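For reference, model06.tsv (TSV, C-alpha atoms):
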```
chain	number	residue	atom	x	y	z
B	373	MET	CA	70.72	-40.25	48.25
B	374	ASN	CA	74.11	-38.54	48.37
B	375	SER	CA	76.04	-39.49	45.22
B	376	PHE	CA	79.35	-38.00	46.37
B	377	LYS	CA	82.10	-40.66	46.32
B	378	ARG	CA	84.25	-40.19	49.35
B	379	PRO	CA	87.97	-40.77	48.67
B	380	GLU	CA	90.16	-42.89	50.91
B	381	TYR	CA	93.01	-40.40	50.54
B	382	PHE	CA	93.82	-37.38	48.39
B	383	THR	CA	96.20	-34.44	48.01
B	384	PHE	CA	95.28	-31.00	49.33
B	385	ASP	CA	97.85	-28.31	48.58
B	386	ASN	CA	95.81	-25.44	49.95
B	387	GLY	CA	97.86	-22.29	49.52
B	388	PRO	CA	101.60	-21.62	49.17
B	389	ARG	CA	104.23	-23.42	51.19
B	390	ALA	CA	105.16	-21.64	54.43
B	391	SER	CA	108.67	-20.53	55.30
B	392	LEU	CA	110.22	-23.52	57.06
B	393	ALA	CA	112.88	-23.58	59.76
B	394	PHE	CA	115.43	-24.83	57.21
B	395	SER	CA	115.92	-24.74	53.46
B	396	VAL	CA	114.52	-27.48	51.25
B	397	SER	CA	118.11	-28.39	50.39
B	398	GLU	CA	118.78	-28.97	54.11
B	399	TYR	CA	115.86	-31.40	54.31
B	400	GLN	CA	117.02	-33.04	51.09
B	401	GLN	CA	120.46	-33.61	52.62
B	402	ARG	CA	118.83	-35.30	55.58
B	403	LEU	CA	116.82	-37.50	53.22
B	404	ASN	CA	120.02	-38.39	51.39
B	405	GLY	CA	121.38	-39.62	54.70
B	406	LEU	CA	118.26	-41.68	55.33
B	407	ARG	CA	118.44	-43.20	51.86
B	408	ALA	CA	122.04	-44.18	52.49
B	409	ILE	CA	120.83	-45.98	55.64
B	410	MET	CA	118.11	-47.66	53.57
B	411	ALA	CA	120.66	-48.86	51.00
B	412	GLU	CA	122.92	-50.20	53.74
B	413	HIS	CA	120.05	-52.30	55.13
B	414	ASP	CA	118.54	-53.22	51.73
B	415	VAL	CA	115.30	-51.43	52.65
B	416	ALA	CA	112.90	-50.41	49.86
B	417	THR	CA	110.49	-48.31	51.95
B	418	VAL	CA	110.71	-46.52	55.28
B	419	VAL	CA	107.52	-45.79	57.20
B	420	LEU	CA	108.35	-43.13	59.78
B	421	THR	CA	105.76	-42.68	62.52
B	422	SER	CA	107.36	-40.53	65.25
B	423	MET	CA	106.92	-36.79	65.60
B	424	HIS	CA	110.65	-36.23	65.88
B	425	ASN	CA	111.71	-38.16	62.76
B	426	ILE	CA	108.88	-36.82	60.58
B	427	ALA	CA	109.79	-33.29	61.69
B	428	TYR	CA	113.50	-33.92	61.16
B	429	TYR	CA	113.15	-35.23	57.62
B	430	SER	CA	110.25	-33.05	56.40
B	431	GLY	CA	109.76	-30.05	58.68
B	432	PHE	CA	106.16	-31.06	59.49
B	433	LEU	CA	105.46	-31.50	63.20
B	434	TYR	CA	102.14	-33.25	63.64
B	435	CYS	CA	99.57	-33.14	66.43
B	436	ALA	CA	98.27	-36.71	66.71
B	437	PHE	CA	95.14	-36.30	68.84
B	438	GLY	CA	94.44	-40.04	68.53
B	439	ARG	CA	95.17	-40.32	64.80
B	440	PRO	CA	98.17	-41.96	63.10
B	441	TYR	CA	100.59	-39.86	61.05
B	442	GLY	CA	103.52	-40.93	58.93
B	443	MET	CA	106.16	-40.23	56.35
B	444	VAL	CA	106.80	-42.77	53.60
B	445	VAL	CA	110.25	-42.65	52.03
B	446	THR	CA	111.49	-44.68	49.06
B	447	GLN	CA	114.59	-44.13	46.95
B	448	ASP	CA	112.49	-41.98	44.61
B	449	ASN	CA	109.84	-40.24	46.73
B	450	ALA	CA	109.18	-38.78	50.18
B	451	THR	CA	105.63	-38.09	51.30
B	452	THR	CA	104.07	-37.17	54.61
B	453	VAL	CA	100.70	-38.75	55.46
B	454	SER	CA	98.32	-36.62	57.49
B	455	ALA	CA	94.73	-36.69	58.74
B	456	ASN	CA	91.99	-34.74	56.99
B	457	ILE	CA	91.32	-32.79	60.20
B	458	ASP	CA	94.51	-30.76	59.55
B	459	GLY	CA	93.41	-29.50	56.14
B	460	GLY	CA	96.27	-28.16	54.03
B	461	GLN	CA	98.56	-27.24	56.92
B	462	PRO	CA	100.76	-30.37	56.64
B	463	ALA	CA	101.38	-29.65	52.95
B	464	ARG	CA	102.22	-26.02	53.68
B	465	ARG	CA	104.49	-26.89	56.61
B	466	GLY	CA	106.47	-29.68	54.95
B	467	ALA	CA	109.34	-29.69	52.49
B	468	PHE	CA	107.99	-32.54	50.34
B	469	GLU	CA	104.72	-34.03	49.10
B	470	ASN	CA	101.77	-34.70	51.39
B	471	VAL	CA	98.84	-37.10	51.16
B	472	VAL	CA	95.72	-36.63	53.29
B	473	TYR	CA	93.75	-39.67	54.46
B	474	THR	CA	90.07	-39.46	55.37
B	475	ASP	CA	88.42	-41.06	58.39
B	476	TRP	CA	85.23	-42.04	56.59
B	477	LYS	CA	86.47	-45.62	56.48
B	478	ARG	CA	88.67	-47.34	59.03
B	479	ASP	CA	92.36	-47.83	58.09
B	480	ASN	CA	92.46	-45.28	55.27
B	481	TYR	CA	95.79	-44.24	56.79
B	482	TRP	CA	97.26	-47.63	55.90
B	483	ARG	CA	95.70	-47.55	52.44
B	484	ALA	CA	97.51	-44.27	51.84
B	485	VAL	CA	100.78	-45.71	53.16
B	486	LYS	CA	100.40	-48.75	50.91
B	487	SER	CA	99.87	-46.54	47.84
B	488	LEU	CA	103.21	-44.81	48.52
B	489	SER	CA	105.29	-47.91	49.29
B	490	SER	CA	107.68	-49.93	47.13
B	491	PRO	CA	107.89	-53.74	47.30
B	492	GLY	CA	110.63	-55.13	49.53
B	493	LYS	CA	111.85	-54.71	53.08
B	494	VAL	CA	110.22	-52.00	55.16
B	495	GLY	CA	112.10	-49.83	57.62
B	496	ILE	CA	110.27	-48.91	60.81
B	497	GLU	CA	110.88	-47.15	64.12
B	498	GLY	CA	110.75	-50.03	66.56
B	499	ASP	CA	110.67	-47.70	69.55
B	500	HIS	CA	107.58	-45.95	68.26
B	501	LEU	CA	105.44	-48.23	66.07
B	502	SER	CA	102.80	-49.66	68.40
B	503	LEU	CA	101.81	-53.32	68.47
B	504	GLN	CA	98.43	-52.43	67.00
B	505	GLN	CA	99.90	-50.39	64.15
B	506	SER	CA	102.58	-53.02	63.52
B	507	THR	CA	99.78	-55.54	62.93
B	508	LYS	CA	98.12	-53.10	60.53
B	509	LEU	CA	101.39	-52.64	58.64
B	510	ALA	CA	101.68	-56.39	58.11
B	511	GLU	CA	98.05	-56.63	57.03
B	512	PHE	CA	98.15	-53.85	54.46
B	513	LEU	CA	101.73	-54.16	53.17
B	514	GLY	CA	101.68	-57.95	52.77
B	515	THR	CA	103.66	-59.05	55.85
B	516	PRO	CA	106.97	-57.64	54.62
B	517	GLU	CA	110.27	-58.20	56.37
B	518	THR	CA	110.79	-55.20	58.64
B	519	VAL	CA	114.04	-53.59	59.72
B	520	ASP	CA	114.21	-51.37	62.82
B	521	LEU	CA	115.93	-48.15	61.78
B	522	ALA	CA	115.23	-46.20	64.98
B	523	ALA	CA	118.83	-46.32	66.19
B	524	ALA	CA	120.31	-45.52	62.78
B	525	THR	CA	118.09	-42.46	62.34
B	526	MET	CA	118.87	-41.36	65.89
B	527	PHE	CA	122.60	-41.44	65.20
B	528	GLN	CA	122.02	-39.40	62.05
B	529	ARG	CA	120.12	-36.78	64.06
B	530	MET	CA	122.90	-36.58	66.68
B	531	ALA	CA	125.29	-34.90	64.20
B	532	LYS	CA	123.92	-31.38	63.75
B	533	SER	CA	124.31	-29.33	60.58
B	534	ALA	CA	125.54	-25.74	60.65
B	535	ALA	CA	121.96	-24.58	60.12
B	536	GLU	CA	120.73	-26.62	63.08
B	537	ILE	CA	123.46	-25.23	65.33
B	538	THR	CA	122.52	-21.68	64.32
B	539	LEU	CA	118.91	-22.35	65.30
B	540	ILE	CA	119.90	-24.06	68.56
B	541	LYS	CA	122.02	-21.04	69.53
B	542	GLU	CA	119.04	-18.76	68.99
B	543	CYS	CA	116.89	-21.11	71.05
B	544	ALA	CA	119.47	-20.97	73.86
B	545	ARG	CA	119.37	-17.17	73.74
B	546	ILE	CA	115.59	-17.29	74.15
B	547	CYS	CA	116.03	-19.68	77.11
B	548	ASP	CA	118.11	-16.99	78.79
B	549	HIS	CA	115.49	-14.37	77.92
B	550	GLY	CA	112.79	-16.46	79.57
B	551	GLY	CA	115.05	-17.06	82.55
B	552	GLU	CA	115.45	-13.34	83.13
B	553	ALA	CA	111.65	-12.93	83.08
B	554	VAL	CA	111.30	-15.76	85.59
B	555	ARG	CA	113.88	-14.29	87.95
B	556	ASP	CA	112.24	-10.85	87.72
B	557	ALA	CA	108.86	-12.39	88.62
B	558	ILE	CA	110.08	-14.10	91.79
B	559	LYS	CA	108.56	-12.35	94.79
B	560	LEU	CA	107.56	-13.36	98.28
B	561	GLY	CA	104.00	-14.73	98.14
B	562	THR	CA	103.92	-15.12	94.35
B	563	ARG	CA	102.64	-18.50	93.13
B	564	GLU	CA	104.73	-20.93	91.08
B	565	ILE	CA	102.21	-20.72	88.23
B	566	ASP	CA	102.45	-16.91	88.05
B	567	VAL	CA	106.23	-17.04	87.79
B	568	ALA	CA	106.07	-19.79	85.16
B	569	MET	CA	103.59	-17.83	83.03
B	570	ALA	CA	105.84	-14.78	83.07
B	571	GLY	CA	108.71	-16.82	81.63
B	572	ARG	CA	106.58	-18.58	79.04
B	573	ASP	CA	104.98	-15.35	77.83
B	574	ALA	CA	108.37	-13.67	77.51
B	575	MET	CA	109.74	-16.55	75.42
B	576	GLU	CA	106.73	-16.81	73.13
B	577	LEU	CA	106.80	-13.07	72.45
B	578	GLU	CA	110.51	-13.27	71.66
B	579	ILE	CA	109.98	-16.26	69.37
B	580	ALA	CA	107.23	-14.34	67.57
B	581	ARG	CA	109.59	-11.37	67.18
B	582	SER	CA	112.68	-13.35	66.13
B	583	PHE	CA	110.94	-16.08	64.11
B	584	PRO	CA	107.76	-14.46	62.73
B	585	ASP	CA	107.21	-17.27	60.21
B	586	SER	CA	107.50	-20.11	62.72
B	587	GLU	CA	104.76	-22.02	64.47
B	588	ILE	CA	104.16	-20.64	67.95
B	589	ARG	CA	103.54	-23.77	69.98
B	590	ASP	CA	104.72	-25.99	72.81
B	591	SER	CA	107.08	-23.64	74.70
B	592	TRP	CA	106.80	-24.04	78.46
B	593	VAL	CA	108.32	-23.25	81.85
B	594	TRP	CA	108.66	-25.43	84.92
B	595	PHE	CA	109.18	-23.31	88.01
B	596	GLN	CA	109.35	-25.26	91.25
B	597	SER	CA	109.79	-24.28	94.89
B	598	GLY	CA	110.52	-25.97	98.19
B	599	LEU	CA	109.65	-29.66	98.24
B	600	ASN	CA	108.53	-29.43	94.58
B	601	THR	CA	112.18	-29.04	93.49
B	602	ASP	CA	112.96	-32.68	94.30
B	603	GLY	CA	112.20	-33.84	90.73
B	604	ALA	CA	113.54	-32.34	87.52
B	605	HIS	CA	110.20	-32.65	85.71
B	606	ASN	CA	107.74	-31.87	88.50
B	607	PRO	CA	104.71	-29.91	87.32
B	608	VAL	CA	104.03	-26.31	88.29
B	609	THR	CA	101.69	-25.79	91.26
B	610	THR	CA	99.84	-22.90	92.90
B	611	ARG	CA	102.16	-22.92	95.93
B	612	ALA	CA	103.07	-19.42	97.11
B	613	LEU	CA	106.78	-18.66	97.56
B	614	GLU	CA	108.12	-18.37	101.09
B	615	SER	CA	111.26	-16.78	102.52
B	616	GLY	CA	114.17	-19.22	102.46
B	617	ASP	CA	112.72	-21.36	99.65
B	618	ILE	CA	114.96	-23.28	97.31
B	619	LEU	CA	113.74	-22.61	93.76
B	620	SER	CA	114.23	-24.33	90.40
B	621	LEU	CA	114.00	-22.33	87.17
B	622	ASN	CA	113.48	-24.28	83.93
B	623	THR	CA	112.73	-22.57	80.59
B	624	PHE	CA	112.02	-24.47	77.37
B	625	PRO	CA	111.36	-22.53	74.16
B	626	MET	CA	110.27	-24.71	71.24
B	627	ILE	CA	110.95	-23.56	67.68
B	628	SER	CA	109.88	-25.90	64.86
B	629	GLY	CA	110.24	-28.90	67.15
B	630	TYR	CA	113.73	-27.91	68.36
B	631	TYR	CA	114.22	-28.13	72.10
B	632	THR	CA	116.61	-26.21	74.31
B	633	ALA	CA	116.67	-25.67	78.06
B	634	LEU	CA	117.94	-23.42	80.80
B	635	GLU	CA	117.81	-24.81	84.35
B	636	ARG	CA	119.03	-23.05	87.46
B	637	THR	CA	118.89	-23.34	91.25
B	638	LEU	CA	117.90	-20.16	93.09
B	639	PHE	CA	117.02	-19.20	96.66
B	640	LEU	CA	114.49	-16.68	97.86
B	641	GLY	CA	116.54	-15.02	100.59
B	642	GLU	CA	119.85	-16.20	102.00
B	643	PRO	CA	120.25	-20.00	102.12
B	644	ASP	CA	121.46	-21.65	105.31
B	645	LYS	CA	125.00	-23.04	105.45
B	646	ALA	CA	124.02	-26.64	104.67
B	647	SER	CA	122.06	-25.56	101.59
B	648	LEU	CA	124.85	-23.24	100.48
B	649	ASP	CA	127.45	-26.01	100.78
B	650	ILE	CA	125.39	-28.49	98.73
B	651	TRP	CA	124.58	-25.84	96.13
B	652	GLN	CA	128.26	-24.96	95.79
B	653	ALA	CA	129.22	-28.63	95.47
B	654	ASN	CA	126.73	-29.03	92.63
B	655	VAL	CA	128.05	-25.88	90.96
B	656	ASP	CA	131.59	-27.26	91.24
B	657	ALA	CA	130.44	-30.55	89.68
B	658	HIS	CA	128.75	-28.56	86.91
B	659	GLU	CA	131.98	-26.71	86.13
B	660	LEU	CA	133.97	-29.95	86.24
B	661	GLY	CA	131.51	-31.53	83.80
B	662	ILE	CA	131.76	-28.58	81.42
B	663	SER	CA	135.56	-28.96	81.41
B	664	LEU	CA	135.23	-32.66	80.55
B	665	ILE	CA	133.01	-32.08	77.49
B	666	GLN	CA	135.53	-32.17	74.65
B	667	PRO	CA	135.77	-33.85	71.22
B	668	GLY	CA	136.99	-37.42	71.70
B	669	ALA	CA	135.59	-37.74	75.22
B	670	LYS	CA	133.42	-40.79	75.92
B	671	CYS	CA	130.01	-40.18	77.53
B	672	SER	CA	130.54	-42.87	80.17
B	673	ASP	CA	133.97	-41.43	81.08
B	674	ILE	CA	132.49	-37.97	81.66
B	675	CYS	CA	129.87	-39.57	83.88
B	676	ALA	CA	132.54	-41.48	85.82
B	677	GLY	CA	134.54	-38.30	86.43
B	678	ILE	CA	131.58	-36.50	87.98
B	679	ASN	CA	130.61	-39.61	89.96
B	680	ASP	CA	134.10	-39.64	91.49
B	681	PHE	CA	133.75	-35.95	92.40
B	682	PHE	CA	130.44	-36.51	94.21
B	683	GLU	CA	131.60	-39.74	95.86
B	684	ALA	CA	134.62	-37.98	97.37
B	685	ARG	CA	132.17	-35.53	99.01
B	686	ASP	CA	129.71	-38.23	100.15
B	687	LEU	CA	127.04	-36.84	97.81
B	688	LEU	CA	126.84	-39.48	95.07
B	689	GLN	CA	123.84	-41.17	96.70
B	690	TYR	CA	121.86	-37.97	96.09
B	691	ARG	CA	122.46	-37.88	92.35
B	692	SER	CA	119.13	-37.97	90.48
B	693	PHE	CA	119.85	-38.93	86.83
B	694	GLY	CA	122.47	-38.77	84.09
B	695	TYR	CA	124.58	-35.67	83.67
B	696	GLY	CA	123.43	-34.47	80.25
B	697	HIS	CA	121.89	-35.31	76.90
B	698	SER	CA	121.70	-34.41	73.25
B	699	PHE	CA	119.64	-31.60	71.71
B	700	GLY	CA	117.74	-31.22	68.46
B	701	VAL	CA	114.24	-32.36	67.44
B	702	LEU	CA	112.95	-33.57	70.78
B	703	SER	CA	110.51	-32.65	73.50
B	704	HIS	CA	109.15	-33.75	76.86
B	705	TYR	CA	106.39	-35.68	75.07
B	706	TYR	CA	108.21	-37.00	72.00
B	707	GLY	CA	111.68	-37.93	70.92
B	708	ARG	CA	115.04	-38.35	72.61
B	709	GLU	CA	118.50	-39.13	71.27
B	710	ALA	CA	119.28	-41.74	73.90
B	711	GLY	CA	122.60	-42.65	72.29
B	712	LEU	CA	124.07	-39.31	73.39
B	713	GLU	CA	123.49	-39.14	77.13
B	714	LEU	CA	126.12	-38.69	79.82
B	715	ARG	CA	125.45	-41.95	81.67
B	716	GLU	CA	127.40	-45.02	82.74
B	717	ASP	CA	125.88	-47.21	80.01
B	718	ILE	CA	126.52	-44.89	77.04
B	719	ASP	CA	129.92	-45.20	75.33
B	720	THR	CA	129.33	-42.74	72.48
B	721	VAL	CA	132.36	-40.59	71.72
B	722	LEU	CA	131.73	-36.85	71.39
B	723	GLU	CA	132.36	-35.45	67.91
B	724	PRO	CA	132.26	-31.94	66.40
B	725	GLY	CA	128.69	-30.97	65.55
B	726	MET	CA	127.13	-32.75	68.51
B	727	VAL	CA	125.24	-30.65	71.06
B	728	VAL	CA	124.99	-31.78	74.69
B	729	SER	CA	124.00	-30.41	78.08
B	730	MET	CA	125.82	-30.51	81.36
B	731	GLU	CA	123.20	-30.77	84.12
B	732	PRO	CA	124.16	-32.40	87.43
B	733	MET	CA	121.34	-32.66	89.97
B	734	LEU	CA	121.39	-33.54	93.64
B	735	THR	CA	118.15	-34.27	95.52
B	736	ILE	CA	118.46	-34.01	99.30
B	737	PRO	CA	115.44	-35.60	101.07
B	738	GLU	CA	113.09	-33.70	103.38
B	739	GLY	CA	114.24	-33.83	106.98
B	740	THR	CA	117.90	-33.66	105.93
B	741	ALA	CA	119.96	-30.49	106.23
B	742	GLY	CA	119.92	-28.63	102.92
B	743	ALA	CA	116.80	-30.45	101.68
B	744	GLY	CA	115.72	-29.79	98.09
B	745	GLY	CA	116.70	-30.35	94.47
B	746	TYR	CA	119.82	-28.59	93.14
B	747	ARG	CA	120.35	-28.40	89.38
B	748	GLU	CA	122.36	-26.33	86.90
B	749	HIS	CA	122.10	-26.78	83.13
B	750	ASP	CA	124.19	-25.39	80.27
B	751	ILE	CA	124.23	-26.33	76.56
B	752	LEU	CA	127.52	-26.97	74.77
B	753	VAL	CA	128.29	-27.31	71.06
B	754	ILE	CA	131.20	-29.66	70.36
B	755	THR	CA	133.76	-28.00	68.06
B	756	GLU	CA	136.93	-29.26	66.37
B	757	ASP	CA	139.10	-28.27	69.32
B	758	GLY	CA	136.77	-27.91	72.30
B	759	ALA	CA	133.24	-27.02	73.24
B	760	GLU	CA	131.32	-23.74	73.00
B	761	ASN	CA	129.00	-22.99	75.91
B	762	ILE	CA	125.95	-21.25	74.40
B	763	THR	CA	124.12	-20.64	77.70
B	764	GLY	CA	124.61	-17.14	79.08
B	765	PHE	CA	122.44	-17.05	82.22
B	766	GLY	CA	124.55	-16.90	85.39
B	767	TYR	CA	124.57	-19.74	87.90
B	768	GLY	CA	125.42	-20.28	91.54
B	769	PRO	CA	125.11	-18.21	94.72
B	770	GLU	CA	126.77	-15.17	93.17
B	771	HIS	CA	123.91	-14.74	90.66
B	772	ASN	CA	120.80	-16.47	91.94
B	773	ILE	CA	120.00	-15.46	95.49
B	774	VAL	CA	116.85	-13.35	95.15
B	775	ALA	CA	116.28	-10.77	97.86
B	776	THR	CA	113.02	-11.02	99.83
```

Same coordinates, now as C-alpha cells:
Amino acid sequence: MNSFKRPEYFTFDNGPRASLAFSVSEYQQRLNGLRAIMAEHDVATVVLTSMHNIAYYSGFLYCAFGRPYGMVVTQDNATTVSANIDGGQPARRGAFENVVYTDWKRDNYWRAVKSLSSPGKVGIEGDHLSLQQSTKLAEFLGTPETVDLAAATMFQRMAKSAAEITLIKECARICDHGGEAVRDAIKLGTREIDVAMAGRDAMELEIARSFPDSEIRDSWVWFQSGLNTDGAHNPVTTRALESGDILSLNTFPMISGYYTALERTLFLGEPDKASLDIWQANVDAHELGISLIQPGAKCSDICAGINDFFEARDLLQYRSFGYGHSFGVLSHYYGREAGLELREDIDTVLEPGMVVSMEPMLTIPEGTAGAGGYREHDILVITEDGAENITGFGYGPEHNIVAT
C-alpha cells in the first residue's frame, strides 16, 4: 500500500522569480490601494477570482482550464492560489507568495483559501464569482458577510501608473507594427487567415525582441473582408480577398495581460462613391471624437457629441456600439473596465492617467449602397492639459486604399 500522505495544498517555489512586467514596489502600491478599499468597507479578507484582478495585483495571469484560481489578500498577507498542474510557474510569475492546491480531493482550492483568510467580512468580485463557487465560499469560510468590491477595484485599475502608461505605449507601437505587416500581406486572392497570421507573427516576434522576459501568449489579429466586416469581433475566415472589398484590420498584442488595439478600415482597390462618403463620414466622426477627449470631459457627453454628428448626416442608425473604452489588464475573454466607456449611460469624468480609445463604427447592411463595417481606432492617454494620441498608423482613404 502506498504510504505517501497527499497534501491538500503546499508551497512550491521551484526556481528563481522571473522578471515581471512591473517592479515589486509597483505591485505593492496597487495592494496598498486595495487595502485602503478593504479598510473603507471594513473587509478583513478579499478573495479575488478574476484573471484581470489577480494579474493586476500580483502579475500572475492564470490559465483556468476548468480549475479555480484565486488571490487572497488580508491586511498582512497577499497570496495567489494556483492548481498543481501549473507547477512552480505561478510562484515564479507573481510578485508575492503562492500556494498550490492539489486535485486529489475535491475542494482543496477552498481549503487553501480558508487557510489564508482572516475572520470577518469577505470581499469578492460579484461580476466574476460564480453561483457554484459562491456556495463553496460560504461553506468553507463559515457563511461570512460578503462585500462586492468589483466596482471599487475596477475604478482603481482605471487610473494608470506611469509604469503602466509606458508599457501601454510600447504595446501601441507593436499594434502599429502588426498593422504594417497586415497591410503588406493584403493581396488579391489572399485568404483572411493568411493576412491575420502575418500580423500575429510580426507582433509576437516584436514582443519577443522588445520584451524577452515576458510571456509570449494571447496576441491575435482579426482581419475581416466584405460581409465579414459587419461586426467588430467577427472571427477570421478562409475567404479569399476580391477586388473592391471593404477590409477591417484589427491587431491586438498582449504583453503580461495588457491589451491594446489598432483597428482600421481599408479597401482593396478604389471604393465606389457611396463607400467613400460613408468612410469619410466615419473618419470625420473619429477626428471629432479625438478632439473631445480631454481631462474633465464626461464620457456620456463625448458620446452625445458624436451622436449629434452622425444624426445630422442620417447615419446614427448605423452606429454599432459605444465610441471607446479603457485600456489596461483586459482581454477579449476576460476583464473590462466598464466604468470608462464612451456610452450614453456612463458619466465618468476623464482624468489624467486614464487611457481610452476613440473607435466609431458604422455598419451598413448588405443591399444598401456602401455596405460593410467602417471602423477607426486610436488610443489616447489623458494628460494634465489634453490627450496624447499614441497610435501612429494612418487612417482614412489617403492611407488605406490598397492597390489590386

* To do: Could you check how far atom CA of Gly442 of chain B sits from atom CA of Asp499 of chain B, in Å to one decimal?
  =>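 Answer for the atom CA of Gly442 of chain B to atom CA of Asp499 of chain B separation: 14.5 Å.
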
* Length of the atom CA of Leu577 of chain B to atom CA of Trp592 of chain B vector [Å] ->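 Computed distance, atom CA of Leu577 of chain B to atom CA of Trp592 of chain B, equals 12.5 Å.
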
Nearby residues (all atoms listed in the file) at most 9 Å from Lys493 of chain B, same-chain spacing under 6 positions excluded, as a CSV table (one decimal) with C-alpha atoms, in the frame of the given file:
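File produced: selection_27.csv:
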```
chain,number,residue,atom,x,y,z
B,413,HIS,CA,120.0,-52.3,55.1
B,414,ASP,CA,118.5,-53.2,51.7
B,415,VAL,CA,115.3,-51.4,52.6
B,416,ALA,CA,112.9,-50.4,49.9
B,417,THR,CA,110.5,-48.3,52.0
B,418,VAL,CA,110.7,-46.5,55.3
B,516,PRO,CA,107.0,-57.6,54.6
B,517,GLU,CA,110.3,-58.2,56.4
B,518,THR,CA,110.8,-55.2,58.6
B,519,VAL,CA,114.0,-53.6,59.7
```

* Between atom CA of Thr383 of chain B and atom CA of Gly460 of chain B, what is the distance, to one decimal in Å? -> 8.7 Å

* Can you work out which one of B:Gly571, B:Gly492, B:Gly758, B:Pro388 has the shortest atom-to-atom distance to Gly466 of chain B, counting all atoms listed in the file? => B:Pro388

Write only N, CA and C atoms for segment 562-578 of chain B from the block just shown, as a compact mmCIF listing (two decimals), in the first residue's frame.
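In the end it all went to result.txt:
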```txt
# COMPACT_ATOMS: atom_id res chain seq x y z
N THR B 562 -5.68 36.48 -51.63
CA THR B 562 -5.16 36.01 -50.35
C THR B 562 -6.32 35.79 -49.38
N ARG B 563 -6.22 34.77 -48.52
CA ARG B 563 -7.29 34.48 -47.57
C ARG B 563 -7.17 35.36 -46.33
N GLU B 564 -8.30 35.60 -45.68
CA GLU B 564 -8.29 36.36 -44.42
C GLU B 564 -7.30 35.75 -43.43
N ILE B 565 -7.31 34.43 -43.27
CA ILE B 565 -6.47 33.78 -42.28
C ILE B 565 -4.99 34.01 -42.57
N ASP B 566 -4.59 34.04 -43.85
CA ASP B 566 -3.19 34.25 -44.18
C ASP B 566 -2.74 35.66 -43.80
N VAL B 567 -3.60 36.62 -44.04
CA VAL B 567 -3.29 38.00 -43.67
C VAL B 567 -3.20 38.14 -42.16
N ALA B 568 -4.15 37.53 -41.46
CA ALA B 568 -4.16 37.60 -39.99
C ALA B 568 -2.89 36.98 -39.40
N MET B 569 -2.47 35.84 -39.93
CA MET B 569 -1.27 35.18 -39.40
C MET B 569 -0.03 36.04 -39.61
N ALA B 570 0.04 36.75 -40.72
CA ALA B 570 1.19 37.62 -40.97
C ALA B 570 1.29 38.70 -39.89
N GLY B 571 0.15 39.28 -39.53
CA GLY B 571 0.16 40.32 -38.49
C GLY B 571 0.49 39.76 -37.12
N ARG B 572 -0.11 38.61 -36.79
CA ARG B 572 0.16 38.00 -35.49
C ARG B 572 1.62 37.61 -35.35
N ASP B 573 2.18 36.98 -36.38
CA ASP B 573 3.59 36.57 -36.31
C ASP B 573 4.50 37.77 -36.13
N ALA B 574 4.22 38.84 -36.86
CA ALA B 574 5.05 40.04 -36.75
C ALA B 574 5.02 40.61 -35.33
N MET B 575 3.84 40.63 -34.72
CA MET B 575 3.72 41.17 -33.37
C MET B 575 4.42 40.28 -32.34
N GLU B 576 4.23 38.97 -32.45
CA GLU B 576 4.85 38.08 -31.47
C GLU B 576 6.37 38.13 -31.57
N LEU B 577 6.90 38.24 -32.77
CA LEU B 577 8.35 38.36 -32.93
C LEU B 577 8.86 39.68 -32.33
N GLU B 578 8.07 40.75 -32.50
CA GLU B 578 8.48 42.03 -31.94
C GLU B 578 8.36 42.05 -30.41
```
